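As structure tokens, the structure follows; a few thoughts come after it.
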Amino acid sequence: MIVTKSDAVLELVRLANRVARSSAPVLLTGESGTGKELFAQLLHDASPRHGHPLVRVNCAALSSNLIESELFGHEKGAFTDAANQRIGRFELAGSGTLFLDEISEVPLATQAKLLRVLESNEFERVGSSVVLRHNVRIVAASNRHLEDEIRHERFRLDLFHRLNVICLEIPPLRERPEDIDPLAHHFLSLFQDENPEPATRLSSSAMDALRAHSWPGNVRELRNVIHRACVMCQDSEIRVEDLRLPEVAQEQVSESMPPRLLKIPLEETEREIILAAMARERNQQVVAKTLGISPRTLTNKLRRYREAS
């Protein structure tokens, strides 16, 4: 369900319902956490394919040597670890919808094969010469600007045009502040029972803090903030301190904090923390869990650091 009071998002919902009736590929763009997966679900549910599967693929979570097997399947013995036949996501989707999230993370070599599959509606499992046909509707998503990826030769122009038949660009939460109130209360209703004494309301100061926050993590960040507050609050009212927002925490910072940290831009401080954690742990899964971010977010940040160096 897409909760919104924003005119821009309401227009996107209307457009999504209109284009859902076709089989045209849809490209969802927008920052991480804006709700692209919800729009993919909406497109599927409003389409004639709603009785068939919606299969999700997080392309960023798949290694380059596994993504073809995940998408197209493989035969037993196709490679070293292929102990059994595997059905790929195209086959699993059947006549439903295949949601390719973080499409920009697909390796170039696989992009060429994906383009051929989309244009011919045919594919082979890895290790097989038997041609299979598919009838899936493709919905792809990216939090990167694919035009920039094309300029840097990391994404194929022809695949971009194949996916970009219809584009829905979802605005970040900071550009639709009217959605903060309804989303906060929606998430409150979802998570209020995760505490022996259910939270039933947000204090006025808590709502003011939510409205003042910049939400770099968008709707996903707001969801997590409310979820945590529902778990941690002491009674039926969520107070501003239960939110644990950076702005609130900053007011409580001890004067003993090293002055150097207060003079470094936030992005540089974050970079120092992440690189120091990687140098100590040398394990991305451990570092991501320790820092409270997703492995995909950590991978993207490390990639940006490498590119900037």
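By convention here, the chains of the structure tokens are called A, B, ... in the order presented, each chain's residues are numbered starting at 1, and ligands are numbered starting at 1 in the order presented.
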Using only C-alpha atoms, which residues sit within 12 Å of His186 (chain A) once same-chain residues fewer than 2 positions away are excluded, as a compact mmCIF listing (two decimals) with C-alpha atoms, in the first residue's frame?
# COMPACT_ATOMS: atom_id res chain seq x y z
CA MET A 1 0.00 0.00 0.00
CA ILE A 2 1.34 3.43 -0.95
CA VAL A 3 0.54 6.00 1.76
CA THR A 4 0.74 9.55 0.44
CA ASP A 179 3.78 12.67 3.51
CA ILE A 180 5.70 12.60 6.80
CA ASP A 181 2.62 12.75 9.05
CA PRO A 182 0.53 10.06 7.32
CA LEU A 183 3.55 7.77 6.88
CA ALA A 184 4.59 8.15 10.52
CA LEU A 188 2.96 3.50 14.10
CA SER A 189 -0.10 1.36 13.40
CA LEU A 190 2.12 -1.38 11.94
CA PHE A 191 4.56 -1.62 14.84
CA GLN A 192 2.69 -0.39 17.91
CA THR A 200 -0.72 4.71 20.34
CA ARG A 201 0.40 8.26 19.59
CA LEU A 202 3.31 10.53 18.80
CA VAL A 219 10.66 6.39 3.57
CA LEU A 222 11.23 6.88 8.56
CA ARG A 223 9.88 3.34 8.83
CA ILE A 226 9.14 4.62 13.98
CA HIS A 227 9.72 0.87 14.34
Region 7-12 of chain A environment, 8 Å, only C-alpha atoms, sequence neighbours closer than 2 positions dropped, as a list of chain:residue names: A:Thr4, A:Lys5, A:Arg14, A:Leu15, A:Ala16, A:Leu168, A:Ile170, A:Pro171
Leu98 (chain A) surroundings by only C-alpha atoms, 8 Å radius, close-in-sequence under 3 positions cut, as a list in words: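 Residues near the query, excluding close chain neighbours: Leu54, Val55, Arg56, Val57, Arg89, Phe90, Ala93, Val136, Arg137, Ile138 and Val139 of chain A.
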Please, could you write that set of residues out with N, CA and C atoms as a short mmCIF file (atom, residue, chain, number, x, y, z; two decimals), in the first residue's frame?
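Saved the output as result.cif:
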data_model
loop_
_atom_site.label_atom_id
_atom_site.label_comp_id
_atom_site.auth_asym_id
_atom_site.auth_seq_id
_atom_site.Cartn_x
_atom_site.Cartn_y
_atom_site.Cartn_z
N LEU A 54 4.93 -12.42 -8.67
CA LEU A 54 5.83 -11.27 -8.74
C LEU A 54 7.14 -11.75 -8.15
N VAL A 55 8.16 -11.86 -8.98
CA VAL A 55 9.46 -12.38 -8.54
C VAL A 55 10.45 -11.23 -8.45
N ARG A 56 11.06 -11.08 -7.28
CA ARG A 56 11.99 -9.99 -7.03
C ARG A 56 13.43 -10.47 -7.11
N VAL A 57 14.28 -9.67 -7.75
CA VAL A 57 15.70 -9.97 -7.83
C VAL A 57 16.47 -8.74 -7.37
N ARG A 89 14.95 -17.15 -12.28
CA ARG A 89 13.85 -16.24 -11.94
C ARG A 89 12.91 -16.00 -13.12
N PHE A 90 13.42 -16.05 -14.35
CA PHE A 90 12.54 -15.88 -15.50
C PHE A 90 11.50 -17.01 -15.54
N ALA A 93 8.96 -16.67 -12.62
CA ALA A 93 7.96 -15.62 -12.82
C ALA A 93 6.84 -16.08 -13.75
N VAL A 136 7.37 -12.84 -19.26
CA VAL A 136 7.33 -12.00 -18.06
C VAL A 136 7.25 -10.53 -18.45
N ARG A 137 6.71 -9.75 -17.52
CA ARG A 137 6.71 -8.29 -17.65
C ARG A 137 7.86 -7.78 -16.78
N ILE A 138 8.72 -6.97 -17.36
CA ILE A 138 9.90 -6.49 -16.66
C ILE A 138 9.63 -5.14 -16.00
N VAL A 139 9.92 -5.08 -14.71
CA VAL A 139 9.97 -3.81 -13.99
C VAL A 139 11.37 -3.72 -13.39
#
From A:Asn224, A:Arg303, A:Pro172, A:His185, residue lying nearest Leu275 (chain A) [only C-alpha atoms]: A:Arg303
Pick from A:Arg239, A:Gln85, A:Ile274, A:Gln41 nearest to Ser204 (chain A), counting only C-alpha atoms: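 For Ser204 (chain A), the nearest of the candidates is A:Arg239.
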Residues flagged helix (DSSP H, G or I) by DSSP in region 148-266 of chain A, as number ranges by chain: A: 148-151, 157-163, 173-175, 177-191, 204-212, 218-232, 240-243, 246-251, 259-262, 266
d(CA of Gly88 (chain A), CA of His50 (chain A)) in Å: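 These atoms are spaced 20.0 Å apart.
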